[in-house]
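Peer 1: Below is the structure I would like to discuss, written out as structure tokens.
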Amino acid sequence: MSNQHPAKHNQNQEGVIYAPWERRFIKVLTPFDEFVHGQTTSGLLLMASAVIALLLANSALADFYNHVTHTLIGLNIGEWKLEMSLHHWVNDALMAVFFFLVGMELKREILVGELSDLRKAALPIVAAIGGMLVPAALFFFMNPDGDASRGWGIPMATDIAFAVGALVLLGNKVPKTLVTFLVALAIVDDLGAVLVIALFYTKELVPMWLGVAALLVAVLVFFNFIGIRRAIPYFLVAVLLWYALLQSGVHATIAGVLGAFSVPARPKYDPSLFVSRLRELVERFKEGLDSGKNIMTNHQLQAVAQSLETDVNYVQTPLQSLEHHWHVPVAFFVIPIFALFNAGVPLQFESWSAVLSNSIVLGVILGLVVGKFVGIVGASWIFLKLGLSQLPTGVKFNQLAGVALLAGIGFTMSIFVAELAYAPHPDYLVMAKVGILSASLIAGVMGYVWLWMVANKN
């Protein structure tokens, strides 16, 4: 497939209309557009946000940073009131949008992606399970009792943006099937994290609100069943579901996943019907051509163009359309804002030796760096030796081991779980974040160097 940008391709085509300065703007905007849609860009932006948060939390602006994150913001309608700190709005509301995208990715992968074929999906599924169980066990071994033990879910997660971004930086040095394997593994990992949050990191459950949430989920399923395709009805019910879960004790972000799974995955038109409609519309457009009229005054051309837009939407599923449209806002707004509000860890400790020997810090580092590697490599090796699966095409086992190291980059989801696990214990939370940041840096560097060395040997 050509990498040439459509705008560049069209610049010399006859019939293309340009405003006086448009070509110059295209030359400026094309590299920017390619940067925005690059696979490594979201990881780089996430890293930049984390660094900014760390600088703010450890500078003269630390008090301002803390004041902003803890500023109360409320919604009031009559006697009804919902008030949370800005930090909680980010973690409980904005992150629901992130989980909505995660849910859509999960649904697509299960229906038509790498997880749709059980034979292909078996290895990344088993690897992901190993990469969740061993880190949790290592953390629990280091923190077997007390409130500190609640953090066992922290090292279970892989940050897909960082991990895939680091892998893509290697370019042609790694096979594309290795990237696909990591994406499938991370998707299963996300599903595991969602289940862990829903089942183990909940407050005291409120049966009445759980009942309301169940009813709203049923409404979403009913919308899908009767063929409602527009996003607005799903959005309105999903907002109500978010509020019901917020009141129920189950973490409200789960509403994003439930809402995503209700989005229709069936197109209105099948491809053959779309082709026949397209031919019909092209003929009608030709008939309506009038050199003496602008399209703004040619009602027939306007009608055909609008019909074409509708048909293009009908041949796509609402699931793929929404996933496409929400990818950039989540990658370039939601996740960086989350990092900005959560990665700000004060690092002025009296004794760094005491910090690095803290059981929570060690548990997180061992879980993400050692546990992920041992769990993924061990589970994969056993599964392959038993002949139950095979390596992806073109992938060697030492490359899979490098991916196992990259999977130790836990960042986004690990910090999110840490916020849930240690909300009542700020000191524990700081230790957990120090462990996450340290482990993610170690795992990222080790994984990249490992794969670079393996590629050069080959």
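All residue names refer to the structure tokens as shown: chains lettered A, B, ... in order, residues numbered from 1 in each chain, ligands numbered from 1 in order.
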Could you produce a table of the residues of range 292-378 of chain A lying within 12 Å of range 143-146 of chain A, with the nearest pair of atoms per residue and their separation in Å rounded to one decimal, using only C-alpha atoms, ordered by chain and increasing residue number, as JSON lines?

Peer 2:
{"residue": "A:Asn358", "atom": "CA", "partner": "A:Asn143", "partner_atom": "CA", "distance": 10.0}
{"residue": "A:Ser359", "atom": "CA", "partner": "A:Asn143", "partner_atom": "CA", "distance": 6.3}
{"residue": "A:Ile360", "atom": "CA", "partner": "A:Asn143", "partner_atom": "CA", "distance": 6.8}
{"residue": "A:Val361", "atom": "CA", "partner": "A:Asn143", "partner_atom": "CA", "distance": 10.2}
{"residue": "A:Leu362", "atom": "CA", "partner": "A:Asn143", "partner_atom": "CA", "distance": 9.4}
{"residue": "A:Gly363", "atom": "CA", "partner": "A:Asn143", "partner_atom": "CA", "distance": 7.1}
{"residue": "A:Val364", "atom": "CA", "partner": "A:Asn143", "partner_atom": "CA", "distance": 10.1}
{"residue": "A:Leu366", "atom": "CA", "partner": "A:Asn143", "partner_atom": "CA", "distance": 11.8}
{"residue": "A:Gly367", "atom": "CA", "partner": "A:Asn143", "partner_atom": "CA", "distance": 11.6}

Peer 1: Within 9 Å of range 93-115 of chain A, which residues of range 301-331 of chain A come that close, and what is the closest atom pair and distance in Å for each? Count only C-alpha atoms and give it as a Markdown table.

Peer 2:
| residue | atom | partner | partner_atom | distance |
| --- | --- | --- | --- | --- |
| A:Leu319 | CA | A:Met104 | CA | 6.7 |
| A:Gln320 | CA | A:Arg108 | CA | 7.9 |
| A:Leu322 | CA | A:Met104 | CA | 8.3 |
| A:Glu323 | CA | A:Leu101 | CA | 6.3 |
| A:Trp326 | CA | A:Leu101 | CA | 6.9 |
| A:His327 | CA | A:Leu101 | CA | 7.1 |
| A:Val330 | CA | A:Phe98 | CA | 6.0 |
| A:Ala331 | CA | A:Phe98 | CA | 8.6 |

Peer 1: Mind checking which residues fall within 7 Å of Gly447 in chain A, counting only C-alpha atoms, ignoring those fewer than 3 positions away in the same chain, and posting them as a CSV table (one decimal) with all heavy atoms, in the first residue's frame?

Peer 2:
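Contents of the output file around-v1.csv:
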chain,number,residue,atom,x,y,z
A,402,GLY,N,11.3,-10.9,24.3
A,402,GLY,CA,11.5,-9.4,24.3
A,402,GLY,C,10.1,-8.7,24.5
A,402,GLY,O,10.0,-7.7,25.3
A,403,VAL,N,9.1,-9.3,23.9
A,403,VAL,CA,7.7,-8.7,24.1
A,403,VAL,C,7.3,-8.9,25.5
A,403,VAL,O,6.6,-8.0,26.1
A,403,VAL,CB,6.8,-9.4,23.1
A,403,VAL,CG1,5.3,-9.2,23.6
A,403,VAL,CG2,6.9,-8.8,21.7
A,405,LEU,N,9.1,-8.7,28.1
A,405,LEU,CA,9.7,-7.6,28.9
A,405,LEU,C,8.9,-6.3,28.7
A,405,LEU,O,8.6,-5.6,29.6
A,405,LEU,CB,11.2,-7.4,28.5
A,405,LEU,CG,12.2,-8.4,29.0
A,405,LEU,CD1,13.5,-8.2,28.4
A,405,LEU,CD2,12.3,-8.3,30.5
A,406,LEU,N,8.6,-6.0,27.4
A,406,LEU,CA,7.8,-4.8,27.1
A,406,LEU,C,6.5,-4.8,27.8
A,406,LEU,O,5.9,-3.7,28.1
A,406,LEU,CB,7.6,-4.6,25.6
A,406,LEU,CG,8.9,-4.3,24.8
A,406,LEU,CD1,8.5,-4.1,23.3
A,406,LEU,CD2,9.5,-2.9,25.3
A,443,ALA,N,11.4,-1.9,32.4
A,443,ALA,CA,10.8,-2.9,31.4
A,443,ALA,C,10.9,-2.4,30.0
A,443,ALA,O,11.3,-3.1,29.0
A,443,ALA,CB,9.4,-3.2,31.7
A,444,GLY,N,10.6,-1.1,29.8
A,444,GLY,CA,10.7,-0.5,28.4
A,444,GLY,C,12.1,-0.5,27.9
A,444,GLY,O,12.3,-0.9,26.7
A,450,TRP,N,16.7,-5.6,24.3
A,450,TRP,CA,16.7,-7.1,24.1
A,450,TRP,C,16.3,-7.3,22.6
A,450,TRP,O,17.0,-8.0,21.9
A,450,TRP,CB,15.7,-7.7,25.0
A,450,TRP,CG,15.5,-9.2,24.8
A,450,TRP,CD1,15.1,-9.9,23.6
A,450,TRP,CD2,15.7,-10.3,25.7
A,450,TRP,NE1,15.0,-11.2,23.8
A,450,TRP,CE2,15.3,-11.5,25.1
A,450,TRP,CE3,16.1,-10.3,27.1
A,450,TRP,CZ2,15.4,-12.7,25.8
A,450,TRP,CZ3,16.1,-11.5,27.7
A,450,TRP,CH2,15.8,-12.7,27.1
A,451,LEU,N,15.2,-6.7,22.1
A,451,LEU,CA,14.7,-6.9,20.8
A,451,LEU,C,15.7,-6.3,19.7
A,451,LEU,O,15.9,-6.9,18.7
A,451,LEU,CB,13.3,-6.3,20.6
A,451,LEU,CG,12.2,-7.1,21.3
A,451,LEU,CD1,10.9,-6.2,21.4
A,451,LEU,CD2,11.9,-8.4,20.6

Peer 1: Given only C-alpha atoms as the basis, pick out the residue of A:Ile154, A:Val164, A:Val174, A:Ala121 nearest to Trp452 in chain A.

Peer 2: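 Closest to Trp452 in chain A of all the choices is A:Val174.
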
Peer 1: Mind checking which residues fall within 10 Å of Leu441 in chain A, counting only C-alpha atoms, ignoring those fewer than 6 positions away in the same chain, and posting them as a compact mmCIF listing (two decimals) with N, CA, C and O atoms, in the first residue's frame?

Peer 2:
# COMPACT_ATOMS: atom_id res chain seq x y z
N VAL A 369 8.33 -6.31 36.14
CA VAL A 369 9.56 -6.62 35.40
C VAL A 369 9.82 -8.13 35.37
O VAL A 369 10.05 -8.70 34.30
N LEU A 406 8.58 -6.01 27.39
CA LEU A 406 7.83 -4.79 27.10
C LEU A 406 6.46 -4.80 27.80
O LEU A 406 5.93 -3.75 28.14
N GLY A 408 5.88 -5.49 30.63
CA GLY A 408 6.04 -4.98 32.00
C GLY A 408 5.84 -3.48 32.11
O GLY A 408 5.90 -2.92 33.22
N ILE A 409 5.59 -2.80 30.99
CA ILE A 409 5.24 -1.38 31.04
C ILE A 409 3.78 -1.30 31.46
O ILE A 409 2.88 -1.55 30.67
N GLY A 410 3.54 -0.96 32.70
CA GLY A 410 2.18 -1.03 33.23
C GLY A 410 1.42 0.28 33.23
O GLY A 410 0.20 0.31 33.20
N PHE A 411 2.12 1.35 33.30
CA PHE A 411 1.67 2.73 33.45
C PHE A 411 0.16 2.97 33.63
O PHE A 411 -0.35 2.94 34.75
N GLY A 435 6.86 2.61 42.27
CA GLY A 435 7.13 1.29 41.72
C GLY A 435 6.70 1.17 40.27
O GLY A 435 7.43 0.60 39.44
N GLY A 447 13.28 -4.27 27.36
CA GLY A 447 12.59 -4.89 26.23
C GLY A 447 13.09 -4.37 24.90
O GLY A 447 13.32 -5.15 23.96

Peer 1: Can you work out the spacing between CA of Gly165 in chain A and CA of Ser262 in chain A in Å, to one decimal?

Peer 2: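 It comes out at 29.4 Å.
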
Peer 1: Using only C-alpha atoms, which protein or nucleic acid residues come within 12 Å of Val434 in chain A? Drop anything in the same chain fewer than 5 positions from it, and give the result as a VMD selection string.

Peer 2: chain A and resid 54 342 to 349 352 355 to 365 411 414 to 415 418 427 to 429 439 to 441
